[in-house]
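Visitor: Got a structure for you, questions after.
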Amino acid sequence: MNTSRFAFTNPKSILGHYVHHTLIILPFALSGGFLTGSILPTVATAIIAGILIDFDHLIDYAVEVPVRNWTLRNAIAGDHLPGAKRVFVFLHGYDAVIAYAFAAGFLLSPSIGVGLAVGMLVHTATDQFDYDGHPLRYVLLYRLYRSFENSLFIHSQTGKNSASPSSRAPHIAKDAECD
């Protein structure tokens, strides 16, 4: 029974999805902040990066869904993914995140680089744990080699990424229910 009555504590809501990611990112971000000596910039960057990383889904959505059918909720929830031919999610890649973080660390500041790495890596690792698929699906170079095949993410109808949005992403069900 889900006793949650509010969107921010209901894991089936989009807001709940990001609260979930933020709560997991926070201890890692604090650790990174202590290491860099700049707690606030590191933590803020980690939380922002850990949320904004999902904006790469909008590219997949724009490629796969006709403009007249666009909704922000469906774009973020990924309801279009089971029928997609390719999935790009260029920000969800361990190798890419490391490159982005090094660039930010050198071009901006070490605390921004560490925050970016923490936020994006923890978000990607959480997604890897939460969803079924090929073990290398979050390695951007491997996905490029495989032409961004959707099968890397959705490999069976019985897995967490099956065709049903509620079974594929139970924390972002289309109609979140509170008991």
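Going through the structure tokens in order, the chains are called A, B, and so on, while each chain numbers its residues from 1 and the ligands are numbered from 1 in the order shown.
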Could you list, as an NGL selection string, every residue within 12 Å of range 90-96 of chain A, counting only C-alpha atoms and ignoring same-chain residues fewer than 3 positions away?

Guide: :A and (49-60 or 86-87 or 99-103 or 116-128 or 135-144 or 148 or 153)

Visitor: May I have the residues from that selection written out with N, CA and C atoms, as a short mmCIF file (atom, residue, chain, number, x, y, z; two decimals), in the first residue's frame?

Guide:
```
data_model
loop_
_atom_site.label_atom_id
_atom_site.label_comp_id
_atom_site.auth_asym_id
_atom_site.auth_seq_id
_atom_site.Cartn_x
_atom_site.Cartn_y
_atom_site.Cartn_z
N ALA A 49 22.74 18.63 -12.34
CA ALA A 49 23.16 17.70 -13.40
C ALA A 49 22.40 16.39 -13.31
N GLY A 50 22.13 15.92 -12.09
CA GLY A 50 21.41 14.67 -11.90
C GLY A 50 19.96 14.74 -12.34
N ILE A 51 19.42 15.93 -12.44
CA ILE A 51 18.05 16.11 -12.93
C ILE A 51 18.06 16.43 -14.42
N LEU A 52 18.91 17.37 -14.83
CA LEU A 52 18.92 17.80 -16.23
C LEU A 52 19.44 16.73 -17.19
N ILE A 53 20.10 15.71 -16.68
CA ILE A 53 20.58 14.64 -17.54
C ILE A 53 19.44 14.00 -18.33
N ASP A 54 18.24 14.00 -17.77
CA ASP A 54 17.10 13.38 -18.45
C ASP A 54 16.59 14.20 -19.63
N PHE A 55 17.11 15.40 -19.82
CA PHE A 55 16.68 16.18 -20.97
C PHE A 55 17.12 15.56 -22.29
N ASP A 56 18.07 14.61 -22.24
CA ASP A 56 18.45 13.94 -23.48
C ASP A 56 17.33 13.06 -24.02
N HIS A 57 16.37 12.71 -23.16
CA HIS A 57 15.20 11.95 -23.63
C HIS A 57 14.37 12.77 -24.61
N LEU A 58 14.43 14.08 -24.50
CA LEU A 58 13.65 14.94 -25.39
C LEU A 58 14.09 14.79 -26.85
N ILE A 59 15.36 14.51 -27.07
CA ILE A 59 15.85 14.30 -28.44
C ILE A 59 15.24 13.02 -29.01
N ASP A 60 15.28 11.94 -28.23
CA ASP A 60 14.66 10.70 -28.68
C ASP A 60 13.18 10.89 -28.96
N ARG A 86 15.61 3.56 -32.40
CA ARG A 86 16.90 3.89 -31.80
C ARG A 86 16.69 4.73 -30.55
N VAL A 87 17.61 4.60 -29.60
CA VAL A 87 17.59 5.39 -28.37
C VAL A 87 18.97 6.03 -28.24
N ALA A 99 34.05 12.36 -19.74
CA ALA A 99 34.59 13.39 -20.64
C ALA A 99 33.99 14.76 -20.33
N TYR A 100 32.66 14.82 -20.12
CA TYR A 100 32.01 16.09 -19.80
C TYR A 100 32.56 16.66 -18.48
N ALA A 101 32.74 15.79 -17.50
CA ALA A 101 33.21 16.24 -16.18
C ALA A 101 34.64 16.76 -16.25
N PHE A 102 35.52 16.06 -16.97
CA PHE A 102 36.89 16.55 -17.12
C PHE A 102 36.91 17.91 -17.81
N ALA A 103 36.11 18.04 -18.86
CA ALA A 103 36.05 19.32 -19.58
C ALA A 103 35.56 20.43 -18.65
N LEU A 116 29.36 17.70 -11.56
CA LEU A 116 28.81 17.17 -12.80
C LEU A 116 29.01 15.66 -12.87
N ALA A 117 30.21 15.21 -12.54
CA ALA A 117 30.49 13.77 -12.55
C ALA A 117 29.60 13.03 -11.57
N VAL A 118 29.51 13.53 -10.35
CA VAL A 118 28.70 12.86 -9.32
C VAL A 118 27.24 12.79 -9.74
N GLY A 119 26.66 13.92 -10.11
CA GLY A 119 25.24 13.95 -10.46
C GLY A 119 24.89 13.04 -11.62
N MET A 120 25.68 13.13 -12.68
CA MET A 120 25.38 12.35 -13.88
C MET A 120 25.72 10.87 -13.71
N LEU A 121 26.84 10.56 -13.06
CA LEU A 121 27.21 9.16 -12.87
C LEU A 121 26.25 8.44 -11.92
N VAL A 122 25.88 9.09 -10.84
CA VAL A 122 24.95 8.45 -9.90
C VAL A 122 23.58 8.27 -10.56
N HIS A 123 23.12 9.26 -11.31
CA HIS A 123 21.84 9.13 -12.01
C HIS A 123 21.90 7.96 -13.00
N THR A 124 22.98 7.89 -13.78
CA THR A 124 23.12 6.82 -14.77
C THR A 124 23.21 5.46 -14.09
N ALA A 125 23.96 5.36 -13.00
CA ALA A 125 24.06 4.09 -12.27
C ALA A 125 22.71 3.68 -11.69
N THR A 126 21.96 4.64 -11.20
CA THR A 126 20.62 4.35 -10.67
C THR A 126 19.72 3.82 -11.79
N ASP A 127 19.77 4.46 -12.96
CA ASP A 127 18.98 3.98 -14.09
C ASP A 127 19.42 2.58 -14.51
N GLN A 128 20.73 2.32 -14.50
CA GLN A 128 21.22 0.99 -14.87
C GLN A 128 20.67 -0.06 -13.91
N PRO A 135 24.12 -5.08 -20.59
CA PRO A 135 25.01 -4.54 -19.56
C PRO A 135 25.82 -3.32 -20.01
N LEU A 136 26.07 -3.17 -21.29
CA LEU A 136 26.85 -2.03 -21.79
C LEU A 136 25.98 -0.91 -22.35
N ARG A 137 24.69 -0.92 -22.03
CA ARG A 137 23.77 0.06 -22.62
C ARG A 137 24.08 1.50 -22.21
N TYR A 138 24.80 1.69 -21.12
CA TYR A 138 25.15 3.05 -20.70
C TYR A 138 26.61 3.39 -20.99
N VAL A 139 27.16 2.77 -22.02
CA VAL A 139 28.47 3.14 -22.54
C VAL A 139 28.22 3.73 -23.93
N LEU A 140 28.39 5.02 -24.05
CA LEU A 140 28.03 5.74 -25.27
C LEU A 140 28.76 5.20 -26.50
N LEU A 141 30.04 4.91 -26.37
CA LEU A 141 30.79 4.39 -27.52
C LEU A 141 30.26 3.04 -27.98
N TYR A 142 29.83 2.21 -27.04
CA TYR A 142 29.24 0.92 -27.41
C TYR A 142 27.91 1.13 -28.13
N ARG A 143 27.09 2.06 -27.63
CA ARG A 143 25.81 2.34 -28.29
C ARG A 143 26.05 2.90 -29.69
N LEU A 144 27.05 3.75 -29.85
CA LEU A 144 27.40 4.28 -31.17
C LEU A 144 27.79 3.14 -32.10
N PHE A 148 22.99 2.80 -31.86
CA PHE A 148 21.98 3.25 -30.90
C PHE A 148 20.73 2.37 -30.91
N PHE A 153 18.31 -1.44 -24.68
CA PHE A 153 17.56 -1.03 -23.51
C PHE A 153 16.37 -1.93 -23.24
#
```

Visitor: Apply DSSP to the structure's backbone, then extract all residues of range 42-165 of chain A labelled alpha helix (DSSP H) and return them as a ChimeraX atom specification.

Guide: /A:42-52,57-64,72-77,94-107,110-130,140-145,165

Visitor: Smallest atom-to-atom distance to Phe88 in chain A: which of A:His134, A:His21, A:Arg73, A:Arg146, using only C-alpha atoms?

Guide: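 Checking each of A:His134, A:His21, A:Arg73, A:Arg146 against Phe88 in chain A, counting only C-alpha atoms, the winner is A:Arg146.
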
Visitor: Quick one, how far is CA of Gly37 in chain A from CA of Ser111 in chain A?

Guide: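 About the pair CA of Gly37 in chain A and CA of Ser111 in chain A: they are 8.0 Å apart.
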
Visitor: Could you pull the residues within 9 Å of Lys85 in chain A, counting only C-alpha atoms, minus those fewer than 3 positions along the same chain, as a list in words?

Guide: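 Close residues of Lys85 in chain A: Glu64, Leu81, Pro82, Phe148, Glu149, Asn150 and Ser151 of chain A.
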
Visitor: What would the file look like if the residues just selected were written as a PDB file, in the first residue's frame with N, CA and C atoms?

Guide:
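What ended up in part-v7.pdb:
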```pdb
ATOM      1  N   GLU A  64      11.103  10.385 -32.514  1.00  0.00           N
ATOM      2  CA  GLU A  64      10.157   9.277 -32.623  1.00  0.00           C
ATOM      3  C   GLU A  64       8.679   9.658 -32.640  1.00  0.00           C
ATOM      4  N   LEU A  81       9.519   4.905 -25.860  1.00  0.00           N
ATOM      5  CA  LEU A  81      10.703   4.062 -26.026  1.00  0.00           C
ATOM      6  C   LEU A  81      10.426   2.642 -26.510  1.00  0.00           C
ATOM      7  N   PRO A  82       9.375   1.948 -26.040  1.00  0.00           N
ATOM      8  CA  PRO A  82       9.185   0.574 -26.520  1.00  0.00           C
ATOM      9  C   PRO A  82       9.054   0.459 -28.041  1.00  0.00           C
ATOM     10  N   PHE A 148      22.994   2.800 -31.860  1.00  0.00           N
ATOM     11  CA  PHE A 148      21.984   3.245 -30.898  1.00  0.00           C
ATOM     12  C   PHE A 148      20.728   2.368 -30.912  1.00  0.00           C
ATOM     13  N   GLU A 149      20.907   1.060 -31.109  1.00  0.00           N
ATOM     14  CA  GLU A 149      19.779   0.126 -31.153  1.00  0.00           C
ATOM     15  C   GLU A 149      18.946   0.205 -29.882  1.00  0.00           C
ATOM     16  N   ASN A 150      17.651   0.214 -30.060  1.00  0.00           N
ATOM     17  CA  ASN A 150      16.741   0.213 -28.924  1.00  0.00           C
ATOM     18  C   ASN A 150      16.844  -1.098 -28.146  1.00  0.00           C
ATOM     19  N   SER A 151      17.195  -2.187 -28.832  1.00  0.00           N
ATOM     20  CA  SER A 151      17.254  -3.490 -28.171  1.00  0.00           C
ATOM     21  C   SER A 151      18.263  -3.525 -27.026  1.00  0.00           C
TER      22      SER A 151
END
```

Visitor: Of the candidates A:Leu72, A:Val43, A:Ile154, A:Ile14, which shows the shortest atom-to-atom distance to Gly113 in chain A, using only C-alpha atoms?

Guide: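 Closest to Gly113 in chain A of all the choices is A:Val43.
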
Visitor: Please measure the separation of CA of His80 in chain A and CA of Arg68 in chain A, giving the value in Å to one decimal.

Guide: 14.0 Å

Visitor: I need the residue nearest Ile24 in chain A from this list: A:Tyr145, A:Ile47, A:Asp132, A:Val89. Use only C-alpha atoms for the distance.

Guide: A:Ile47

Visitor: Could you please determine the separation between CA of Ile39 in chain A and CA of Phe106 in chain A in Å, to one decimal place?

Guide: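 Between CA of Ile39 in chain A and CA of Phe106 in chain A the gap is 18.1 Å.
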
Visitor: Could you name the residues that touch Ile112 in chain A at 8 Å or less, counting only C-alpha atoms, but leaving out those on the same chain fewer than 4 positions away, as a list in words?

Guide: Pro41, Thr42, Thr45, Ala101, Ala104, Gly105, Leu108 and Leu116 of chain A

Visitor: Between A:Val97, A:Ala77, A:Tyr131, A:Ser109, which one has atoms that come closest to Gly16 in chain A, using only C-alpha atoms?

Guide: A:Ala77
